[in-house]
>>> print(open('run-v6.pdb').read())   # PDB, C-alpha atoms, pLDDT in the B column
ATOM      1  CA  SER A 201      11.003  30.516 -13.142  1.00 79.00           C
ATOM      2  CA  GLN A 202      11.087  32.540  -9.981  1.00 81.00           C
ATOM      3  CA  THR A 203       8.524  31.960  -7.273  1.00 89.00           C
ATOM      4  CA  ILE A 204       7.971  33.439  -3.857  1.00 93.00           C
ATOM      5  CA  HIS A 205       6.319  31.595  -1.012  1.00 94.00           C
ATOM      6  CA  GLN A 206       4.842  33.177   2.051  1.00 95.00           C
ATOM      7  CA  TRP A 207       3.044  31.570   4.958  1.00 91.00           C
ATOM      8  CA  PRO A 208       0.750  31.318   6.756  1.00 93.00           C
ATOM      9  CA  ALA A 209      -2.039  32.888   4.724  1.00 94.00           C
ATOM     10  CA  THR A 210      -4.012  33.973   7.770  1.00 95.00           C
ATOM     11  CA  LEU A 211      -3.148  34.284  11.415  1.00 97.00           C
ATOM     12  CA  VAL A 212      -5.047  35.326  14.520  1.00 97.00           C
ATOM     13  CA  GLN A 213      -2.823  36.073  17.484  1.00 97.00           C
ATOM     14  CA  PRO A 214      -3.499  37.511  20.945  1.00 98.00           C
ATOM     15  CA  VAL A 215      -1.915  40.754  22.064  1.00 97.00           C
ATOM     16  CA  GLY A 216       1.478  40.140  23.617  1.00 97.00           C
ATOM     17  CA  SER A 217       2.142  36.900  21.741  1.00 97.00           C
ATOM     18  CA  PRO A 218       5.180  36.401  19.495  1.00 97.00           C
ATOM     19  CA  LEU A 219       5.122  36.398  15.717  1.00 96.00           C
ATOM     20  CA  SER A 220       7.148  34.702  13.025  1.00 96.00           C
ATOM     21  CA  LEU A 221       6.330  35.023   9.333  1.00 97.00           C
ATOM     22  CA  GLU A 222       8.485  33.341   6.759  1.00 96.00           C
ATOM     23  CA  CYS A 223       9.135  34.081   3.127  1.00 96.00           C
ATOM     24  CA  THR A 224      11.247  32.117   0.680  1.00 96.00           C
ATOM     25  CA  VAL A 225      12.186  32.801  -2.908  1.00 95.00           C
ATOM     26  CA  GLU A 226      13.067  30.192  -5.525  1.00 93.00           C
ATOM     27  CA  GLY A 227      14.671  30.464  -8.902  1.00 90.00           C
ATOM     28  CA  THR A 228      16.884  33.480  -8.285  1.00 87.00           C
ATOM     29  CA  SER A 229      20.045  34.364  -6.418  1.00 86.00           C
ATOM     30  CA  ASN A 230      20.864  37.333  -4.223  1.00 88.00           C
ATOM     31  CA  PRO A 231      17.480  39.011  -4.566  1.00 90.00           C
ATOM     32  CA  ASN A 232      16.541  42.206  -2.797  1.00 90.00           C
ATOM     33  CA  LEU A 233      13.899  41.203  -0.262  1.00 93.00           C
ATOM     34  CA  TYR A 234      11.249  43.352   1.358  1.00 92.00           C
ATOM     35  CA  TRP A 235       8.558  43.200   4.010  1.00 94.00           C
ATOM     36  CA  TYR A 236       5.560  45.470   3.559  1.00 94.00           C
ATOM     37  CA  ARG A 237       2.427  45.972   5.612  1.00 94.00           C
ATOM     38  CA  GLN A 238      -0.913  47.136   4.306  1.00 93.00           C
ATOM     39  CA  ALA A 239      -3.393  48.270   6.919  1.00 86.00           C
ATOM     40  CA  ALA A 240      -7.082  48.074   6.069  1.00 78.00           C
ATOM     41  CA  GLY A 241      -7.939  50.682   3.443  1.00 72.00           C
ATOM     42  CA  ARG A 242      -4.435  52.081   3.401  1.00 78.00           C
ATOM     43  CA  GLY A 243      -1.342  52.002   1.248  1.00 83.00           C
ATOM     44  CA  LEU A 244       1.669  49.761   1.439  1.00 90.00           C
ATOM     45  CA  GLN A 245       4.178  50.631   4.126  1.00 90.00           C
ATOM     46  CA  LEU A 246       7.749  49.389   3.781  1.00 89.00           C
ATOM     47  CA  LEU A 247       8.908  47.763   7.018  1.00 93.00           C
ATOM     48  CA  PHE A 248      12.254  46.173   6.186  1.00 93.00           C
ATOM     49  CA  TYR A 249      14.470  45.513   3.220  1.00 90.00           C
ATOM     50  CA  SER A 250      17.525  43.344   2.708  1.00 92.00           C
ATOM     51  CA  VAL A 251      20.145  43.347  -0.017  1.00 89.00           C
ATOM     52  CA  GLY A 252      21.975  40.272   1.264  1.00 92.00           C
ATOM     53  CA  ILE A 253      22.360  37.653   3.984  1.00 94.00           C
ATOM     54  CA  GLY A 254      22.394  39.260   7.406  1.00 92.00           C
ATOM     55  CA  GLN A 255      21.838  42.737   5.953  1.00 92.00           C
ATOM     56  CA  ILE A 256      18.617  44.275   7.223  1.00 92.00           C
ATOM     57  CA  SER A 257      17.494  47.858   7.044  1.00 89.00           C
ATOM     58  CA  SER A 258      14.449  49.169   8.845  1.00 88.00           C
ATOM     59  CA  GLU A 259      12.268  51.891   7.440  1.00 82.00           C
ATOM     60  CA  VAL A 260       9.922  52.386  10.351  1.00 80.00           C
ATOM     61  CA  PRO A 261      10.849  51.950  14.038  1.00 67.00           C
ATOM     62  CA  GLN A 262       8.426  49.575  15.715  1.00 79.00           C
ATOM     63  CA  ASN A 263       8.239  46.364  17.668  1.00 90.00           C
ATOM     64  CA  LEU A 264       8.923  44.226  14.623  1.00 95.00           C
ATOM     65  CA  SER A 265      12.255  42.823  13.468  1.00 95.00           C
ATOM     66  CA  ALA A 266      13.485  40.991  10.403  1.00 96.00           C
ATOM     67  CA  SER A 267      16.218  38.516   9.669  1.00 96.00           C
ATOM     68  CA  ARG A 268      17.735  36.982   6.569  1.00 97.00           C
ATOM     69  CA  PRO A 269      19.483  33.799   7.629  1.00 96.00           C
ATOM     70  CA  GLN A 270      19.832  32.492   4.075  1.00 95.00           C
ATOM     71  CA  ASP A 271      20.052  34.105   0.674  1.00 95.00           C
ATOM     72  CA  ARG A 272      16.466  33.345  -0.245  1.00 94.00           C
ATOM     73  CA  GLN A 273      14.815  33.376   3.170  1.00 96.00           C
ATOM     74  CA  PHE A 274      13.378  36.417   4.900  1.00 97.00           C
ATOM     75  CA  ILE A 275      11.702  36.286   8.297  1.00 97.00           C
ATOM     76  CA  LEU A 276       9.554  38.868  10.050  1.00 97.00           C
ATOM     77  CA  SER A 277       9.281  38.583  13.822  1.00 96.00           C
ATOM     78  CA  SER A 278       7.893  40.196  16.896  1.00 96.00           C
ATOM     79  CA  LYS A 279       8.395  39.357  20.545  1.00 96.00           C
ATOM     80  CA  LYS A 280       5.098  40.923  21.640  1.00 96.00           C
ATOM     81  CA  LEU A 281       2.330  41.807  19.240  1.00 96.00           C
ATOM     82  CA  LEU A 282       0.267  44.964  19.581  1.00 95.00           C
ATOM     83  CA  LEU A 283      -3.273  45.531  18.321  1.00 95.00           C
ATOM     84  CA  SER A 284      -1.832  48.018  15.848  1.00 92.00           C
ATOM     85  CA  ASP A 285       0.234  45.238  14.252  1.00 94.00           C
ATOM     86  CA  SER A 286      -2.879  43.877  12.544  1.00 94.00           C
ATOM     87  CA  GLY A 287      -2.695  44.095   8.796  1.00 94.00           C
ATOM     88  CA  PHE A 288      -1.805  42.400   5.558  1.00 96.00           C
ATOM     89  CA  TYR A 289       1.893  41.507   5.506  1.00 97.00           C
ATOM     90  CA  LEU A 290       3.534  41.095   2.160  1.00 96.00           C
ATOM     91  CA  CYS A 291       6.964  39.802   1.286  1.00 96.00           C
ATOM     92  CA  ALA A 292       8.427  40.880  -2.022  1.00 93.00           C
ATOM     93  CA  TRP A 293      11.571  40.408  -4.052  1.00 92.00           C
ATOM     94  CA  SER A 294      13.253  42.373  -6.770  1.00 86.00           C
ATOM     95  CA  VAL A 295      16.399  42.169  -8.860  1.00 76.00           C
ATOM     96  CA  GLY A 296      16.737  45.886  -9.253  1.00 69.00           C
ATOM     97  CA  ARG A 297      14.999  49.224  -9.196  1.00 60.00           C
ATOM     98  CA  ASN A 298      13.911  49.084 -12.802  1.00 66.00           C
ATOM     99  CA  TYR A 299      12.228  45.721 -12.623  1.00 72.00           C
ATOM    100  CA  GLY A 300       9.453  46.157 -10.118  1.00 79.00           C
ATOM    101  CA  TYR A 301       8.527  43.785  -7.364  1.00 86.00           C
ATOM    102  CA  THR A 302       7.037  40.338  -7.190  1.00 90.00           C
ATOM    103  CA  PHE A 303       4.935  39.879  -4.098  1.00 94.00           C
ATOM    104  CA  GLY A 304       4.130  36.786  -2.108  1.00 95.00           C
ATOM    105  CA  SER A 305       0.492  35.979  -1.509  1.00 96.00           C
ATOM    106  CA  GLY A 306       0.564  37.691   1.865  1.00 96.00           C
ATOM    107  CA  THR A 307      -0.337  36.925   5.458  1.00 96.00           C
ATOM    108  CA  ARG A 308      -3.440  38.489   6.917  1.00 96.00           C
ATOM    109  CA  LEU A 309      -2.679  39.030  10.607  1.00 96.00           C
ATOM    110  CA  THR A 310      -5.344  39.900  13.142  1.00 96.00           C
ATOM    111  CA  VAL A 311      -4.191  40.712  16.633  1.00 96.00           C
ATOM    112  CA  VAL A 312      -6.969  40.274  19.194  1.00 97.00           C
TER     113      VAL A 312
ATOM    114  CA  ARG B 198       2.416  66.980   0.133  1.00 72.00           C
ATOM    115  CA  LYS B 199       2.397  63.202  -0.165  1.00 80.00           C
ATOM    116  CA  GLU B 200       5.215  61.582  -2.128  1.00 87.00           C
ATOM    117  CA  VAL B 201       2.746  59.782  -4.371  1.00 92.00           C
ATOM    118  CA  GLU B 202      -0.900  60.730  -4.670  1.00 93.00           C
ATOM    119  CA  GLN B 203      -3.786  58.991  -6.325  1.00 94.00           C
ATOM    120  CA  ASP B 204      -7.499  59.648  -6.461  1.00 93.00           C
ATOM    121  CA  PRO B 205      -8.936  56.797  -4.377  1.00 92.00           C
ATOM    122  CA  GLY B 206     -12.101  56.591  -6.487  1.00 91.00           C
ATOM    123  CA  PRO B 207     -14.094  54.486  -6.861  1.00 94.00           C
ATOM    124  CA  PHE B 208     -14.365  54.920 -10.592  1.00 96.00           C
ATOM    125  CA  ASN B 209     -17.555  53.178 -11.674  1.00 97.00           C
ATOM    126  CA  VAL B 210     -17.547  52.675 -15.435  1.00 97.00           C
ATOM    127  CA  PRO B 211     -19.678  50.575 -17.777  1.00 98.00           C
ATOM    128  CA  GLU B 212     -18.209  47.682 -19.711  1.00 98.00           C
ATOM    129  CA  GLY B 213     -16.532  48.849 -22.880  1.00 98.00           C
ATOM    130  CA  ALA B 214     -15.770  52.305 -21.574  1.00 98.00           C
ATOM    131  CA  THR B 215     -12.379  53.975 -21.541  1.00 98.00           C
ATOM    132  CA  VAL B 216     -11.090  55.098 -18.173  1.00 97.00           C
ATOM    133  CA  ALA B 217      -7.929  56.927 -17.135  1.00 97.00           C
ATOM    134  CA  PHE B 218      -6.196  57.326 -13.815  1.00 94.00           C
ATOM    135  CA  ASN B 219      -3.508  59.792 -12.897  1.00 95.00           C
ATOM    136  CA  CYS B 220      -0.870  59.610 -10.224  1.00 96.00           C
ATOM    137  CA  THR B 221       1.253  62.563  -9.142  1.00 96.00           C
ATOM    138  CA  TYR B 222       4.638  62.348  -7.477  1.00 95.00           C
ATOM    139  CA  SER B 223       6.497  65.001  -5.545  1.00 93.00           C
ATOM    140  CA  ASN B 224      10.164  64.110  -5.983  1.00 89.00           C
ATOM    141  CA  SER B 225      11.589  65.238  -9.304  1.00 89.00           C
ATOM    142  CA  ALA B 226      14.486  62.787  -8.852  1.00 86.00           C
ATOM    143  CA  SER B 227      12.101  59.847  -9.212  1.00 87.00           C
ATOM    144  CA  GLN B 228      13.493  57.412 -11.711  1.00 84.00           C
ATOM    145  CA  SER B 229      11.265  54.425 -12.333  1.00 89.00           C
ATOM    146  CA  PHE B 230       7.527  54.141 -12.473  1.00 93.00           C
ATOM    147  CA  PHE B 231       5.109  51.250 -12.423  1.00 94.00           C
ATOM    148  CA  TRP B 232       1.451  50.413 -12.286  1.00 96.00           C
ATOM    149  CA  TYR B 233       0.301  47.511 -10.128  1.00 96.00           C
ATOM    150  CA  ARG B 234      -3.064  45.887  -9.907  1.00 97.00           C
ATOM    151  CA  GLN B 235      -4.435  44.623  -6.584  1.00 96.00           C
ATOM    152  CA  ASP B 236      -7.547  42.504  -6.363  1.00 96.00           C
ATOM    153  CA  CYS B 237      -9.537  42.510  -3.162  1.00 92.00           C
ATOM    154  CA  ARG B 238      -7.628  40.806  -0.342  1.00 90.00           C
ATOM    155  CA  LYS B 239      -4.862  39.720  -2.698  1.00 94.00           C
ATOM    156  CA  GLU B 240      -1.273  40.750  -3.250  1.00 95.00           C
ATOM    157  CA  PRO B 241      -0.410  43.502  -5.746  1.00 95.00           C
ATOM    158  CA  LYS B 242       0.745  42.289  -9.141  1.00 95.00           C
ATOM    159  CA  LEU B 243       2.862  44.203 -11.588  1.00 93.00           C
ATOM    160  CA  LEU B 244       0.703  45.441 -14.435  1.00 95.00           C
ATOM    161  CA  MET B 245       3.244  47.399 -16.414  1.00 94.00           C
ATOM    162  CA  SER B 246       6.282  49.592 -16.216  1.00 92.00           C
ATOM    163  CA  VAL B 247       5.984  53.178 -17.385  1.00 94.00           C
ATOM    164  CA  TYR B 248       8.562  54.379 -19.861  1.00 89.00           C
ATOM    165  CA  SER B 249       9.451  57.944 -20.721  1.00 89.00           C
ATOM    166  CA  SER B 250       8.103  57.614 -24.231  1.00 91.00           C
ATOM    167  CA  GLY B 251       4.893  55.971 -23.067  1.00 91.00           C
ATOM    168  CA  ASN B 252       4.058  52.332 -23.604  1.00 94.00           C
ATOM    169  CA  GLU B 253       1.148  50.141 -24.450  1.00 96.00           C
ATOM    170  CA  ASP B 254       0.198  46.606 -23.523  1.00 95.00           C
ATOM    171  CA  GLY B 255      -2.999  45.516 -25.190  1.00 97.00           C
ATOM    172  CA  ARG B 256      -5.825  47.651 -23.832  1.00 98.00           C
ATOM    173  CA  PHE B 257      -3.555  49.380 -21.338  1.00 98.00           C
ATOM    174  CA  THR B 258      -1.502  52.491 -22.048  1.00 98.00           C
ATOM    175  CA  ALA B 259       0.866  54.089 -19.574  1.00 97.00           C
ATOM    176  CA  GLN B 260       2.362  57.545 -19.905  1.00 97.00           C
ATOM    177  CA  LEU B 261       4.848  59.636 -17.987  1.00 96.00           C
ATOM    178  CA  ASN B 262       4.902  63.410 -17.820  1.00 95.00           C
ATOM    179  CA  ARG B 263       8.100  64.443 -16.083  1.00 94.00           C
ATOM    180  CA  ALA B 264       7.481  68.169 -16.442  1.00 94.00           C
ATOM    181  CA  SER B 265       4.216  67.953 -14.522  1.00 95.00           C
ATOM    182  CA  GLN B 266       5.355  64.993 -12.431  1.00 95.00           C
ATOM    183  CA  TYR B 267       2.579  62.560 -13.057  1.00 95.00           C
ATOM    184  CA  ILE B 268       1.994  59.207 -14.638  1.00 97.00           C
ATOM    185  CA  SER B 269      -1.223  57.961 -16.133  1.00 97.00           C
ATOM    186  CA  LEU B 270      -2.900  54.671 -16.937  1.00 98.00           C
ATOM    187  CA  LEU B 271      -5.510  54.411 -19.661  1.00 98.00           C
ATOM    188  CA  ILE B 272      -7.712  51.351 -19.973  1.00 98.00           C
ATOM    189  CA  ARG B 273      -9.683  50.944 -23.173  1.00 98.00           C
ATOM    190  CA  ASP B 274     -12.677  48.685 -23.696  1.00 98.00           C
ATOM    191  CA  SER B 275     -13.037  47.983 -19.973  1.00 98.00           C
ATOM    192  CA  LYS B 276     -13.850  44.430 -18.955  1.00 98.00           C
ATOM    193  CA  LEU B 277     -15.556  43.246 -15.788  1.00 98.00           C
ATOM    194  CA  SER B 278     -12.289  41.532 -14.926  1.00 97.00           C
ATOM    195  CA  ASP B 279     -10.524  44.896 -14.858  1.00 98.00           C
ATOM    196  CA  SER B 280     -12.297  45.684 -11.585  1.00 98.00           C
ATOM    197  CA  ALA B 281      -9.513  46.090  -9.039  1.00 97.00           C
ATOM    198  CA  THR B 282      -7.437  48.702  -7.263  1.00 96.00           C
ATOM    199  CA  TYR B 283      -4.627  50.181  -9.331  1.00 97.00           C
ATOM    200  CA  LEU B 284      -1.505  51.225  -7.467  1.00 96.00           C
ATOM    201  CA  CYS B 285       0.996  53.713  -8.733  1.00 95.00           C
ATOM    202  CA  VAL B 286       4.621  53.025  -7.765  1.00 92.00           C
ATOM    203  CA  VAL B 287       7.541  55.423  -7.928  1.00 91.00           C
ATOM    204  CA  THR B 288      11.184  54.655  -7.261  1.00 86.00           C
ATOM    205  CA  LEU B 289      14.075  56.978  -6.509  1.00 78.00           C
ATOM    206  CA  SER B 290      17.534  56.628  -7.917  1.00 66.00           C
ATOM    207  CA  GLY B 291      20.352  55.561  -5.645  1.00 59.00           C
ATOM    208  CA  GLY B 292      21.936  52.408  -4.299  1.00 52.00           C
ATOM    209  CA  TYR B 293      18.836  51.402  -2.429  1.00 57.00           C
ATOM    210  CA  GLN B 294      15.650  51.028  -4.334  1.00 62.00           C
ATOM    211  CA  LYS B 295      13.471  53.457  -2.414  1.00 71.00           C
ATOM    212  CA  VAL B 296      10.009  52.647  -3.578  1.00 81.00           C
ATOM    213  CA  THR B 297       6.842  54.492  -2.741  1.00 86.00           C
ATOM    214  CA  PHE B 298       3.397  53.088  -3.375  1.00 90.00           C
ATOM    215  CA  GLY B 299       0.331  55.174  -3.890  1.00 92.00           C
ATOM    216  CA  THR B 300      -2.755  54.232  -1.917  1.00 92.00           C
ATOM    217  CA  GLY B 301      -4.487  53.126  -5.085  1.00 94.00           C
ATOM    218  CA  THR B 302      -7.442  53.975  -7.274  1.00 96.00           C
ATOM    219  CA  LYS B 303     -10.381  51.626  -7.149  1.00 96.00           C
ATOM    220  CA  LEU B 304     -12.024  50.717 -10.439  1.00 97.00           C
ATOM    221  CA  GLN B 305     -15.392  49.018 -10.664  1.00 97.00           C
ATOM    222  CA  VAL B 306     -16.522  47.982 -14.128  1.00 98.00           C
ATOM    223  CA  ILE B 307     -20.252  47.447 -14.199  1.00 97.00           C
ATOM    224  CA  PRO B 308     -22.227  45.365 -16.709  1.00 95.00           C
TER     225      PRO B 308
END
>>> encode(input="run-v6.pdb", output="structure tokens")
Amino acid sequence: SQTIHQWPATLVQPVGSPLSLECTVEGTSNPNLYWYRQAAGRGLQLLFYSVGIGQISSEVPQNLSASRPQDRQFILSSKKLLLSDSGFYLCAWSVGRNYGYTFGSGTRLTVV
Amino acid sequence: RKEVEQDPGPFNVPEGATVAFNCTYSNSASQSFFWYRQDCRKEPKLLMSVYSSGNEDGRFTAQLNRASQYISLLIRDSKLSDSATYLCVVTLSGGYQKVTFGTGTKLQVIP
């Protein structure tokens, strides 16, 4: 069966520090991969999506970046965190538009 | 107008009650529709897809009204464990799966 792993579960980082969140998927090949952010009391905002290795599309310009070095690995990074980067970061995968998403358990990031 | 709109609630209902949520979408080209459930401080989980003819899964019934551009979720015989936020999800056709999440409707089932 397919599983998605995301870590760490929680993270407290100072402003200006770097960030690296990792997500891996097992049990499927060539998934569509996504990074979402959910700010407190708000909806899910799509940050990046990837349809294949090295293929990254950004939905919202910001100080975050994403990479997909392997088929089932998706990484979210930042060189310098801002206070506004705080939120609940969710990785998700999908095999197609009609099948919905499966989300990882999320990383709760607090920038202080 | 927002692409996907939901009443944020909260809907406070007694156990055993029937409750319904609606979700409106603005783009008539929207193709696929889903309901997700999100527990507090957890990730969203797919509850059910919404098919054109309507579909049922146990106590849950989902319906789509393309003419009026909304989808609905009906929960019968509410359980305490149904307390959660319910997210409406709409996807557009095209090569890239453009997906828009609603901000969710909070349901609190009270004993």
>>> atom_distance(input="run-v6.pdb", atom1="CA of Gly206 in chain B", atom2="CA of Phe298 in chain B")
16.2 Å
>>> resolve_selection(input="run-v6.pdb", expression="the ChimeraX specification (/A :<9) & /B", output="list in words")
Gln228, Ser229, Phe230, Phe231, Arg238, Lys239, Glu240, Pro241, Lys242, Leu243, Met245, Ser246, Leu284, Val286, Thr288, Leu289, Ser290, Tyr293, Gln294, Lys295, Val296, Thr297, Phe298, Gly299, Thr300 and Gly301 of chain B
>>> closest_residue(input="run-v6.pdb", among="B:Gln305, B:Ser249, B:Asn224, B:Gln203", to="Asn262 in chain B", atoms="all atoms listed in the file")
B:Ser249
>>> atom_distance(input="run-v6.pdb", atom1="CA of Gln266 in chain B", atom2="CA of Tyr236 in chain A")
25.2 Å
>>> resolve_selection(input="run-v6.pdb", expression="the PyMOL selection byres ((chain B and resi 219) around 12)", output="VMD selection string")
chain B and resid 201 to 206 216 to 218 220 to 222 232 258 to 262 265 to 272 283 to 286 299 301 to 302
>>> write_last_selection(input="run-v6.pdb", atoms="C-alpha atoms", output="short mmCIF file (atom, residue, chain, number, x, y, z; two decimals), in the coordinates of the input")
data_model
loop_
_atom_site.label_atom_id
_atom_site.label_comp_id
_atom_site.auth_asym_id
_atom_site.auth_seq_id
_atom_site.Cartn_x
_atom_site.Cartn_y
_atom_site.Cartn_z
CA VAL B 201 2.75 59.78 -4.37
CA GLU B 202 -0.90 60.73 -4.67
CA GLN B 203 -3.79 58.99 -6.32
CA ASP B 204 -7.50 59.65 -6.46
CA PRO B 205 -8.94 56.80 -4.38
CA GLY B 206 -12.10 56.59 -6.49
CA VAL B 216 -11.09 55.10 -18.17
CA ALA B 217 -7.93 56.93 -17.14
CA PHE B 218 -6.20 57.33 -13.82
CA CYS B 220 -0.87 59.61 -10.22
CA THR B 221 1.25 62.56 -9.14
CA TYR B 222 4.64 62.35 -7.48
CA TRP B 232 1.45 50.41 -12.29
CA THR B 258 -1.50 52.49 -22.05
CA ALA B 259 0.87 54.09 -19.57
CA GLN B 260 2.36 57.54 -19.90
CA LEU B 261 4.85 59.64 -17.99
CA ASN B 262 4.90 63.41 -17.82
CA SER B 265 4.22 67.95 -14.52
CA GLN B 266 5.36 64.99 -12.43
CA TYR B 267 2.58 62.56 -13.06
CA ILE B 268 1.99 59.21 -14.64
CA SER B 269 -1.22 57.96 -16.13
CA LEU B 270 -2.90 54.67 -16.94
CA LEU B 271 -5.51 54.41 -19.66
CA ILE B 272 -7.71 51.35 -19.97
CA TYR B 283 -4.63 50.18 -9.33
CA LEU B 284 -1.50 51.22 -7.47
CA CYS B 285 1.00 53.71 -8.73
CA VAL B 286 4.62 53.02 -7.76
CA GLY B 299 0.33 55.17 -3.89
CA GLY B 301 -4.49 53.13 -5.08
CA THR B 302 -7.44 53.98 -7.27
#
>>> resolve_selection(input="run-v6.pdb", expression="the PyMOL selection byres ((chain A and resi 266) around 12)", output="mmCIF file with C-alpha atoms, in the coordinates of the input")
data_model
loop_
_atom_site.group_PDB
_atom_site.id
_atom_site.type_symbol
_atom_site.label_atom_id
_atom_site.label_comp_id
_atom_site.auth_asym_id
_atom_site.auth_seq_id
_atom_site.Cartn_x
_atom_site.Cartn_y
_atom_site.Cartn_z
ATOM 1 C CA LEU A 219 5.122 36.398 15.717
ATOM 2 C CA SER A 220 7.148 34.702 13.025
ATOM 3 C CA LEU A 221 6.330 35.023 9.333
ATOM 4 C CA GLU A 222 8.485 33.341 6.759
ATOM 5 C CA CYS A 223 9.135 34.081 3.127
ATOM 6 C CA LEU A 233 13.899 41.203 -0.262
ATOM 7 C CA TYR A 234 11.249 43.352 1.358
ATOM 8 C CA TRP A 235 8.558 43.200 4.010
ATOM 9 C CA TYR A 236 5.560 45.470 3.559
ATOM 10 C CA LEU A 247 8.908 47.763 7.018
ATOM 11 C CA PHE A 248 12.254 46.173 6.186
ATOM 12 C CA TYR A 249 14.470 45.513 3.220
ATOM 13 C CA SER A 250 17.525 43.344 2.708
ATOM 14 C CA ILE A 253 22.360 37.653 3.984
ATOM 15 C CA GLY A 254 22.394 39.260 7.406
ATOM 16 C CA GLN A 255 21.838 42.737 5.953
ATOM 17 C CA ILE A 256 18.617 44.275 7.223
ATOM 18 C CA SER A 257 17.494 47.858 7.044
ATOM 19 C CA SER A 258 14.449 49.169 8.845
ATOM 20 C CA GLU A 259 12.268 51.891 7.440
ATOM 21 C CA VAL A 260 9.922 52.386 10.351
ATOM 22 C CA PRO A 261 10.849 51.950 14.038
ATOM 23 C CA GLN A 262 8.426 49.575 15.715
ATOM 24 C CA ASN A 263 8.239 46.364 17.668
ATOM 25 C CA LEU A 264 8.923 44.226 14.623
ATOM 26 C CA SER A 265 12.255 42.823 13.468
ATOM 27 C CA SER A 267 16.218 38.516 9.669
ATOM 28 C CA ARG A 268 17.735 36.982 6.569
ATOM 29 C CA PRO A 269 19.483 33.799 7.629
ATOM 30 C CA GLN A 273 14.815 33.376 3.170
ATOM 31 C CA PHE A 274 13.378 36.417 4.900
ATOM 32 C CA ILE A 275 11.702 36.286 8.297
ATOM 33 C CA LEU A 276 9.554 38.868 10.050
ATOM 34 C CA SER A 277 9.281 38.583 13.822
ATOM 35 C CA SER A 278 7.893 40.196 16.896
ATOM 36 C CA LYS A 279 8.395 39.357 20.545
ATOM 37 C CA CYS A 291 6.964 39.802 1.286
#
>>> closest_residue(input="run-v6.pdb", among="B:Ser223, B:Lys303, B:Arg263, B:Val210", to="Tyr248 in chain B", atoms="all atoms listed in the file")
B:Arg263
>>> atom_distance(input="run-v6.pdb", atom1="CA of Ser250 in chain B", atom2="CA of Thr215 in chain B")
21.0 Å
>>> residues_around(input="run-v6.pdb", residues="Val212 in chain A", least_positions_apart="6", cutoff="9 Å", atoms="all atoms listed in the file", output="PDB file with C-alpha atoms, in the coordinates of the input")
ATOM      1  CA  ARG A 308      -3.440  38.489   6.917  1.00 96.00           C
ATOM      2  CA  LEU A 309      -2.679  39.030  10.607  1.00 96.00           C
ATOM      3  CA  THR A 310      -5.344  39.900  13.142  1.00 96.00           C
ATOM      4  CA  VAL A 311      -4.191  40.712  16.633  1.00 96.00           C
ATOM      5  CA  VAL A 312      -6.969  40.274  19.194  1.00 97.00           C
TER       6      VAL A 312
END
>>> residues_around(input="run-v6.pdb", residues="Asp236 in chain B", least_positions_apart="5", cutoff="8 Å", atoms="all atoms listed in the file", output="list in words")
Pro241, Ser280, Ala281 and Thr282 of chain B
>>> closest_residue(input="run-v6.pdb", among="B:Asn252, B:Pro308, B:Pro211, B:Asp279", to="Cys237 in chain B", atoms="all atoms listed in the file")
B:Asp279
>>> closest_residue(input="run-v6.pdb", among="A:Thr210, A:Ser284, A:Gln270, A:Thr203", to="Val225 in chain A", atoms="all atoms listed in the file")
A:Thr203
>>> residues_around(input="run-v6.pdb", residues="Ser201 in chain A", least_positions_apart="6", cutoff="9 Å", atoms="all atoms listed in the file", output="CSV table (one decimal) with C-alpha atoms, in the coordinates of the input")
chain,number,residue,atom,x,y,z
A,226,GLU,CA,13.1,30.2,-5.5
A,227,GLY,CA,14.7,30.5,-8.9
A,228,THR,CA,16.9,33.5,-8.3
>>> closest_residue(input="run-v6.pdb", among="A:Leu281, A:Asn230, A:Trp293, A:Ser217", to="His205 in chain A", atoms="all atoms listed in the file")
A:Trp293
